[in-house]
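Peer 1: Once you've had a glance at the structure underneath, I'll fire off some questions.
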Number of protein chains: 2
Amino acid sequence: MAYAESEITARLADYVVSARPGDLPDTVRHEALRSFFNIVGCTIGGARHEIVDLADKTLGAFAGPQQATLFARGRKADILHASLINAFASSIYSFDDTHAQAVVHPSGPVAAAVLALAEMRAVSGEDLLAAFALGVELECRLCKAVSVPPAKGSMAWSGTGIAGGFGAVAAAGKLLKLDTERMRWAMGIALSQASGFRAMHGSMQASMMPAQGAPVGLRAAIMAERGFTASPVALEGKYGFLSVFCETPDLDALAGGLGTQFELLRNTYKPYPCGIVIHPIIDACLQLRCEKGISAGNIARVDIQASPGTMALCNNRNPKDELQAHVSLHHWVAVAFIRGTARIQDMDTETAVKDPALMAFQSKVEAVLNPAVAADGTELAVTLTDGTRHICKIEHGIGSALNPMSDADLERKFVDMSEPVIGVARTRELVTKSWGIGTLVDAGELSRASA
Amino acid sequence: MAYAESEITARLADYVVSARPGDLPDTVRHEALRSFFNIVGCTIGGARHEIVDLADKTLGAFAGPQQATLFARGRKADILHASLINAFASSIYSFDDTHAQAVVHPSGPVAAAVLALAEMRAVSGEDLLAAFALGVELECRLCKAVSVPPAKGSMAWSGTGIAGGFGAVAAAGKLLKLDTERMRWAMGIALSQASGFRAMHGSMQASMMPAQGAPVGLRAAIMAERGFTASPVALEGKYGFLSVFCETPDLDALAGGLGTQFELLRNTYKPYPCGIVIHPIIDACLQLRCEKGISAGNIARVDIQASPGTMALCNNRNPKDELQAHVSLHHWVAVAFIRGTARIQDMDTETAVKDPALMAFQSKVEAVLNPAVAADGTELAVTLTDGTRHICKIEHGIGSALNPMSDADLERKFVDMSEPVIGVARTRELVTKSWGIGTLVDAGELSRASA
């Protein structure tokens, strides 16, 4: 490594402070745009979820001036509250992005922070996108450095919980044009508020832990801008972040190859709003339905060879509510064959989950363990009532690292999430503005268009 | 232990939910009152500190409706912001309370949370004091359970940072009359935001980490009241608080003897606003000055036998600013002999620190290591210009566990802190209302009187 271990915070701060939008390779800029586009869609898609309502109404009683837009909620609030609720909405369906190695969903806290800031300060779309890319990059690096081998870390921490504020503060600090000294303070303030453990999964607080990264990072950047100090060596210092969050951190993953190697390129996007290990099964169903013209009414049975992870997490027939449907492969096989879809509206109400046609179909679905099947694959056989049998083998489901969603896939996902919330015309406008964020003179335009 | 390890969160929640003010032994109620009284004085004393100004002005731009008083700052803000700034003020001089075993300053976050809540909901002083006692009790228990042997924990965590929100949520949840299910959610929400590590010490963020406990706990209680869920086993659950914050927690310290044994009784109060290992030295100076009628002008030299801790942390002659003066024994020996005091105003400006008389006197002060001297003791010898020599030996400085500050000491400390900030008459009113908090029909009266 070309740097001393004692200079890690300084190196990362220097990199963010000095990076110019043009320094990012085209592939990185485009992947950042895809991450940004995806998370805007997720934010709109989750904006009216009842749990988001509950959080906004409860915490809105303490919110400040109308500085930034709450996406698709028809009102504004102070930038800290707005960024919290927007980040919360972006992950409420677990439909956001995931780094292919570290279990971190990097875009939510970073996007919410920079979008809120762009309504308070003059920020160009080009600068916003570059700041977003840098924030996501640092967040992925930090999470990887404390959780992916050769690092020895604890599975118990919430990856986005402990790294999200770091991504948000890097991005917000970049937009505020902090110098290196203040960027280091800002990083220190945010890192000292890193929190979250996985015992919360399955509860409403699960999505709140990563969402906190947005206001934590935004606040830290603004405080440092005003001269509020923190340790300048918050990562590597004695009793610092790395010492408490990891037994043996991977320092090279954290600070090696800055500007030439990009973890952002390992970001992936989910095509369906359910447990990621169900995804290849849905792919197989939709492919057979389309290519073979199979009608659900003609299906006698569906036999699935599933990975160990799929069997452990998602072999759950006849779910009773949204949370259970999220991890039921039977539910999604029924949805895919009957409706030809796999969307939020296929699970987000009790009516949707308990649709008698879906419930009946699930009795025809059997999954068996095949240890040779990878988590992103499946082998699925459909037997029709006339005895015909069709088989579909998926090696790498759509959205996995080796079979990424195309830009067109991402746009369909955006439209599917957004139209039920803000309608066709405004969805079209948001799609255009989101793909074109890099060309907006005033990046705040995007958030305002979502109101 | 009379409970299963799998029931720790439930046990603690049950205890807080069912405890009545009258269940607390008189000794506990009185120590709670002393803790409360002390922290109100600390809050007023720190209210106009320039770093508190900076935090309030910066974050005030995002604050909400005028719901609760910012102590001695002439304005109100939403309860989350008010509780943050009040808790921040209470620890800005490191003049707050300390548990005698765990390194936790328990009262700040708890008091700030209940005082803010008492301005929004109808709360009697008796209920407020009982809720405060329960919050402090649980916070001390949690910090002890993860940091004091036989527990094996990391020195790196900020004790108040990771336990403060738990104290605040227990107290706030008690005032909101949460049932056990919601109290468990509330505790889970707060625990999943526990954060802070000691690398921040020496920076402004050092006092912000513990202060965050106030809004974190308050917000968690209010969210749970409205039905926002979290893991009901946040402490002991798989991937829960205890698993991430401690290698081997002391479960008996956490949940043993609830209602019969009280960690609150181990709370201590600092008589002087400086490093606690300087305290016995100040005691010796003030005692000699008073009892022997020694005038600073007649002193030729001062020889101090100091503990290893004192020598390591505080053997610093001629400090240049407040942060350095905080840990300079030479500074405080000069202050004590010349002014007969050891107050905030003896260190909180550059003028106070660089007073030529103080600087000159420090050249007469010599400290030498004596490994036999305990951290709460000293042996100090004064040689006068006429050759007379006086010796004073302190076994346990005032404020240590074995020589606690009396109620009268606490009142003098309060007055010394408060008068320069809000004047004599209002200090008198606050002293009366603070000692009498348990009898106020409307506990919000106290905060309003501090405005």
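Each chain in the structure tokens gets a letter, A, B and so on, in the order shown; residues start at 1 in every chain, and ligands are counted from 1 in the order they appear.
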Return as a ChimeraX atom specification the full set of residues in range 284-404 of chain B whose backbone-based DSSP assignment is alpha helix (DSSP H).
Peer 2: /B:284-291,308-314,322-325,329-339,350-353,356-362
Peer 1: Identify every residue of chain B that has at least one atom within 7 Å of any atom of chain A, counting only C-alpha atoms, and report the result as a tab-separated table (two decimals) with C-alpha atoms, in the first residue's frame.
Peer 2:
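The new file selection19.tsv reads:
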chain	number	residue	atom	x	y	z
B	58	THR	CA	-26.16	24.96	13.39
B	62	PHE	CA	-33.56	22.19	11.17
B	63	ALA	CA	-35.48	22.27	14.46
B	64	GLY	CA	-39.25	22.09	14.77
B	65	PRO	CA	-42.06	23.71	16.78
B	78	ASP	CA	-39.03	20.76	19.33
B	80	LEU	CA	-35.82	16.30	20.22
B	156	ALA	CA	-13.08	1.65	23.18
B	189	ILE	CA	-35.41	1.09	18.74
B	192	SER	CA	-30.28	-0.29	17.77
B	193	GLN	CA	-29.05	3.33	17.64
B	194	ALA	CA	-26.47	2.95	20.40
B	195	SER	CA	-23.17	4.42	19.21
B	196	GLY	CA	-19.96	6.18	20.11
B	197	PHE	CA	-16.27	5.37	20.61
B	198	ARG	CA	-13.55	7.06	22.59
B	199	ALA	CA	-11.40	8.18	19.68
B	200	MET	CA	-13.59	11.31	19.78
B	203	SER	CA	-12.91	17.02	20.28
B	204	MET	CA	-16.31	18.73	20.35
B	205	GLN	CA	-17.97	15.50	19.28
B	223	MET	CA	-42.42	5.84	18.06
B	228	PHE	CA	-43.59	1.33	15.52
B	229	THR	CA	-42.10	-2.10	16.14
B	230	ALA	CA	-38.63	-3.41	16.91
B	231	SER	CA	-37.19	-6.68	18.09
B	234	ALA	CA	-32.96	-6.41	21.49
B	237	GLY	CA	-31.51	-11.81	20.96
B	238	LYS	CA	-29.31	-13.34	18.29
B	239	TYR	CA	-27.30	-10.53	16.69
B	240	GLY	CA	-28.55	-8.24	19.48
B	244	VAL	CA	-22.10	-6.81	19.53
Peer 1: Find the residues near Ser406 in chain B: any atom within 12 Å, counting only C-alpha atoms, skip ones fewer than 4 places away on the same chain, and give them as a list in words.
Peer 2: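 These residues fall inside the cut-off: His30, Glu31, Arg34, Ser35, Asn38, Thr268, Tyr269, Lys270, Pro271, Ile398, Gly399, Ser400, Ala401, Leu402, Leu410, Glu411, Arg412 and Lys413 of chain B.
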Peer 1: Need to verify the contact set: Gly135 in chain A, 12 Å, only C-alpha atoms, exclusion of same-chain residues closer than 5 positions in sequence. Can you return it as a ChimeraX atom specification?
Peer 2: /A:12-13,15-17,19,32,35-36,106-114,128-130,140-142,163-175,187,213-214,217-218,262-264
Peer 1: Using DSSP on the backbone coordinates, identify all residues within range 236-315 of chain B classified as strand (DSSP E); present the result as number ranges by chain.
Peer 2: B: 246-248, 267-269, 299-306
Peer 1: Go ahead and save the residues from that selection, with C-alpha atoms, as a compact mmCIF listing (two decimals), in the first residue's frame.
Peer 2:
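Dumped to out_2.txt:
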# COMPACT_ATOMS: atom_id res chain seq x y z
CA CYS B 246 -19.45 -7.18 24.70
CA GLU B 247 -17.49 -10.40 24.51
CA THR B 248 -18.89 -11.68 27.83
CA ASN B 267 -23.45 7.61 41.41
CA THR B 268 -20.87 10.30 42.22
CA TYR B 269 -20.62 14.05 41.58
CA ILE B 299 4.03 30.71 49.19
CA ALA B 300 7.56 29.79 48.06
CA ARG B 301 6.74 26.37 46.66
CA VAL B 302 4.14 23.59 46.49
CA ASP B 303 5.23 19.93 46.39
CA ILE B 304 2.71 17.30 45.43
CA GLN B 305 2.87 13.54 45.71
CA ALA B 306 0.54 12.33 43.02
Peer 1: Could you work out how far CA of Arg339 in chain A lies from CA of Leu369 in chain A, giving the answer in Å with one decimal?
Peer 2: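 Straight-line distance from CA of Leu369 in chain A to CA of Arg339 in chain A works out to 26.3 Å.
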Peer 1: In Å to one decimal, how far is CA of Val103 in chain B from CA of Ala68 in chain B?
Peer 2: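 CA of Ala68 in chain B sits 29.5 Å away from CA of Val103 in chain B.
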Peer 1: Can you pull out the residues contacting Gly259 in chain A? Cut-off 12 Å, using only C-alpha atoms, and skip same-chain residues under 6 positions away; I want them as a ChimeraX atom specification.
Peer 2: /A:11-12,14-16,18-25,28,133-134,137-138
Peer 1: Any chance you can output those residues with N, CA and C atoms as a PDB file, in the first residue's frame?
Peer 2:
ATOM      1  N   ARG A  11      -6.475   9.886   3.871  1.00  0.00           N
ATOM      2  CA  ARG A  11      -6.453   9.454   2.472  1.00  0.00           C
ATOM      3  C   ARG A  11      -7.847   9.475   1.855  1.00  0.00           C
ATOM      4  N   LEU A  12      -8.807   8.919   2.592  1.00  0.00           N
ATOM      5  CA  LEU A  12     -10.163   8.877   2.053  1.00  0.00           C
ATOM      6  C   LEU A  12     -10.738  10.289   1.924  1.00  0.00           C
ATOM      7  N   ASP A  14      -9.021  13.107   1.573  1.00  0.00           N
ATOM      8  CA  ASP A  14      -8.312  13.748   0.457  1.00  0.00           C
ATOM      9  C   ASP A  14      -8.907  13.339  -0.881  1.00  0.00           C
ATOM     10  N   TYR A  15      -9.137  12.058  -1.013  1.00  0.00           N
ATOM     11  CA  TYR A  15      -9.665  11.554  -2.287  1.00  0.00           C
ATOM     12  C   TYR A  15     -11.007  12.193  -2.624  1.00  0.00           C
ATOM     13  N   VAL A  16     -11.896  12.208  -1.653  1.00  0.00           N
ATOM     14  CA  VAL A  16     -13.230  12.776  -1.906  1.00  0.00           C
ATOM     15  C   VAL A  16     -13.130  14.273  -2.187  1.00  0.00           C
ATOM     16  N   SER A  18     -10.673  16.023  -3.421  1.00  0.00           N
ATOM     17  CA  SER A  18     -10.003  16.444  -4.656  1.00  0.00           C
ATOM     18  C   SER A  18     -10.602  15.843  -5.925  1.00  0.00           C
ATOM     19  N   ALA A  19     -11.439  14.809  -5.799  1.00  0.00           N
ATOM     20  CA  ALA A  19     -11.988  14.173  -7.007  1.00  0.00           C
ATOM     21  C   ALA A  19     -12.887  15.141  -7.786  1.00  0.00           C
ATOM     22  N   ARG A  20     -12.701  15.176  -9.106  1.00  0.00           N
ATOM     23  CA  ARG A  20     -13.580  15.976  -9.961  1.00  0.00           C
ATOM     24  C   ARG A  20     -14.499  15.024 -10.730  1.00  0.00           C
ATOM     25  N   PRO A  21     -15.706  15.497 -11.095  1.00  0.00           N
ATOM     26  CA  PRO A  21     -16.633  14.612 -11.809  1.00  0.00           C
ATOM     27  C   PRO A  21     -15.962  13.920 -12.993  1.00  0.00           C
ATOM     28  N   GLY A  22     -15.110  14.658 -13.732  1.00  0.00           N
ATOM     29  CA  GLY A  22     -14.468  14.103 -14.918  1.00  0.00           C
ATOM     30  C   GLY A  22     -13.431  13.026 -14.617  1.00  0.00           C
ATOM     31  N   ASP A  23     -13.031  12.930 -13.329  1.00  0.00           N
ATOM     32  CA  ASP A  23     -12.048  11.907 -12.963  1.00  0.00           C
ATOM     33  C   ASP A  23     -12.655  10.507 -12.939  1.00  0.00           C
ATOM     34  N   LEU A  24     -13.975  10.433 -12.824  1.00  0.00           N
ATOM     35  CA  LEU A  24     -14.611   9.113 -12.744  1.00  0.00           C
ATOM     36  C   LEU A  24     -14.681   8.488 -14.132  1.00  0.00           C
ATOM     37  N   PRO A  25     -14.203   7.244 -14.278  1.00  0.00           N
ATOM     38  CA  PRO A  25     -14.311   6.572 -15.586  1.00  0.00           C
ATOM     39  C   PRO A  25     -15.775   6.498 -16.030  1.00  0.00           C
ATOM     40  N   VAL A  28     -17.928   3.900 -14.454  1.00  0.00           N
ATOM     41  CA  VAL A  28     -18.307   4.209 -13.072  1.00  0.00           C
ATOM     42  C   VAL A  28     -19.441   5.228 -13.056  1.00  0.00           C
ATOM     43  N   ALA A 133     -21.761   9.183  -6.374  1.00  0.00           N
ATOM     44  CA  ALA A 133     -20.858   8.080  -6.725  1.00  0.00           C
ATOM     45  C   ALA A 133     -19.761   7.918  -5.680  1.00  0.00           C
ATOM     46  N   LEU A 134     -19.189   9.030  -5.241  1.00  0.00           N
ATOM     47  CA  LEU A 134     -18.114   8.960  -4.240  1.00  0.00           C
ATOM     48  C   LEU A 134     -18.638   8.427  -2.912  1.00  0.00           C
ATOM     49  N   GLU A 137     -19.272   4.725  -3.233  1.00  0.00           N
ATOM     50  CA  GLU A 137     -17.979   4.037  -3.299  1.00  0.00           C
ATOM     51  C   GLU A 137     -17.379   3.867  -1.891  1.00  0.00           C
ATOM     52  N   LEU A 138     -17.353   4.944  -1.119  1.00  0.00           N
ATOM     53  CA  LEU A 138     -16.745   4.862   0.217  1.00  0.00           C
ATOM     54  C   LEU A 138     -17.565   3.984   1.163  1.00  0.00           C
TER      55      LEU A 138
END
Peer 1: Write out as a ChimeraX atom specification the residues lying within 9 Å of Arg343 in chain B, counting only C-alpha atoms and excluding same-chain residues fewer than 6 positions away.
Peer 2: /B:271-274,413,416-417
Peer 1: Do you have the CA of Gln362 in chain B-CA of His330 in chain B distance handy?
Peer 2: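 A separation of 5.4 Å between them.
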Peer 1: Which one is closest to Pro149 in chain B: B:Ala102, B:Leu430, B:Met405, B:Ile85? Count only C-alpha atoms.
Peer 2: B:Ala102
Peer 1: Using only C-alpha atoms, which residues sit within 12 Å of Glu395 in chain A once same-chain residues fewer than 3 positions away are excluded, as a ChimeraX atom specification?
Peer 2: /A:279-281,283-284,306-307,372-380,392,398-403
Peer 1: Restricted to N, CA and C atoms, what would the selected residues look like written as a short mmCIF file (atom, residue, chain, number, x, y, z; two decimals), in the first residue's frame?
Peer 2:
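File result-v4.cif, as written:
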data_model
loop_
_atom_site.label_atom_id
_atom_site.label_comp_id
_atom_site.auth_asym_id
_atom_site.auth_seq_id
_atom_site.Cartn_x
_atom_site.Cartn_y
_atom_site.Cartn_z
N HIS A 279 -35.48 -14.93 -6.63
CA HIS A 279 -35.43 -14.28 -7.95
C HIS A 279 -35.24 -15.23 -9.13
N PRO A 280 -34.26 -16.15 -9.08
CA PRO A 280 -34.09 -17.02 -10.26
C PRO A 280 -35.33 -17.88 -10.52
N ILE A 281 -36.07 -18.23 -9.47
CA ILE A 281 -37.30 -19.02 -9.65
C ILE A 281 -38.35 -18.21 -10.41
N ASP A 283 -37.68 -15.78 -12.46
CA ASP A 283 -37.16 -15.73 -13.83
C ASP A 283 -37.63 -16.94 -14.64
N ALA A 284 -37.47 -18.11 -14.02
CA ALA A 284 -37.82 -19.36 -14.73
C ALA A 284 -39.31 -19.39 -15.06
N ALA A 306 -34.03 -26.24 -5.60
CA ALA A 306 -33.63 -24.95 -5.02
C ALA A 306 -32.34 -25.06 -4.23
N SER A 307 -31.67 -23.92 -4.11
CA SER A 307 -30.40 -23.85 -3.36
C SER A 307 -30.67 -23.99 -1.86
N ALA A 372 -26.38 -28.62 -5.27
CA ALA A 372 -25.56 -28.19 -6.40
C ALA A 372 -26.08 -26.89 -7.02
N VAL A 373 -27.29 -26.49 -6.66
CA VAL A 373 -27.85 -25.25 -7.21
C VAL A 373 -27.31 -24.05 -6.42
N ALA A 374 -26.82 -23.04 -7.15
CA ALA A 374 -26.29 -21.84 -6.49
C ALA A 374 -27.44 -20.93 -6.06
N ALA A 375 -27.11 -19.98 -5.17
CA ALA A 375 -28.15 -19.08 -4.65
C ALA A 375 -28.79 -18.25 -5.74
N ASP A 376 -28.06 -18.00 -6.85
CA ASP A 376 -28.65 -17.18 -7.92
C ASP A 376 -29.15 -18.04 -9.08
N GLY A 377 -29.36 -19.35 -8.81
CA GLY A 377 -29.86 -20.23 -9.88
C GLY A 377 -31.03 -21.08 -9.44
N THR A 378 -31.57 -21.88 -10.37
CA THR A 378 -32.63 -22.84 -10.06
C THR A 378 -32.83 -23.77 -11.26
N GLU A 379 -33.49 -24.90 -11.02
CA GLU A 379 -34.01 -25.70 -12.14
C GLU A 379 -35.47 -25.96 -11.84
N LEU A 380 -36.32 -25.57 -12.78
CA LEU A 380 -37.76 -25.59 -12.54
C LEU A 380 -38.45 -26.39 -13.62
N CYS A 392 -36.97 -25.46 -17.24
CA CYS A 392 -36.18 -24.23 -17.43
C CYS A 392 -35.09 -24.18 -16.37
N ILE A 398 -31.69 -12.87 -13.23
CA ILE A 398 -31.58 -11.46 -13.62
C ILE A 398 -31.33 -10.62 -12.37
N GLY A 399 -30.38 -9.71 -12.45
CA GLY A 399 -30.07 -8.86 -11.30
C GLY A 399 -28.88 -9.36 -10.51
N SER A 400 -28.46 -10.60 -10.75
CA SER A 400 -27.26 -11.08 -10.06
C SER A 400 -26.03 -10.44 -10.70
N ALA A 401 -24.90 -10.61 -10.03
CA ALA A 401 -23.69 -9.93 -10.50
C ALA A 401 -23.32 -10.36 -11.92
N LEU A 402 -23.59 -11.62 -12.28
CA LEU A 402 -23.20 -12.12 -13.59
C LEU A 402 -24.29 -11.97 -14.65
N ASN A 403 -25.43 -11.46 -14.25
CA ASN A 403 -26.53 -11.24 -15.20
C ASN A 403 -27.28 -9.98 -14.79
#
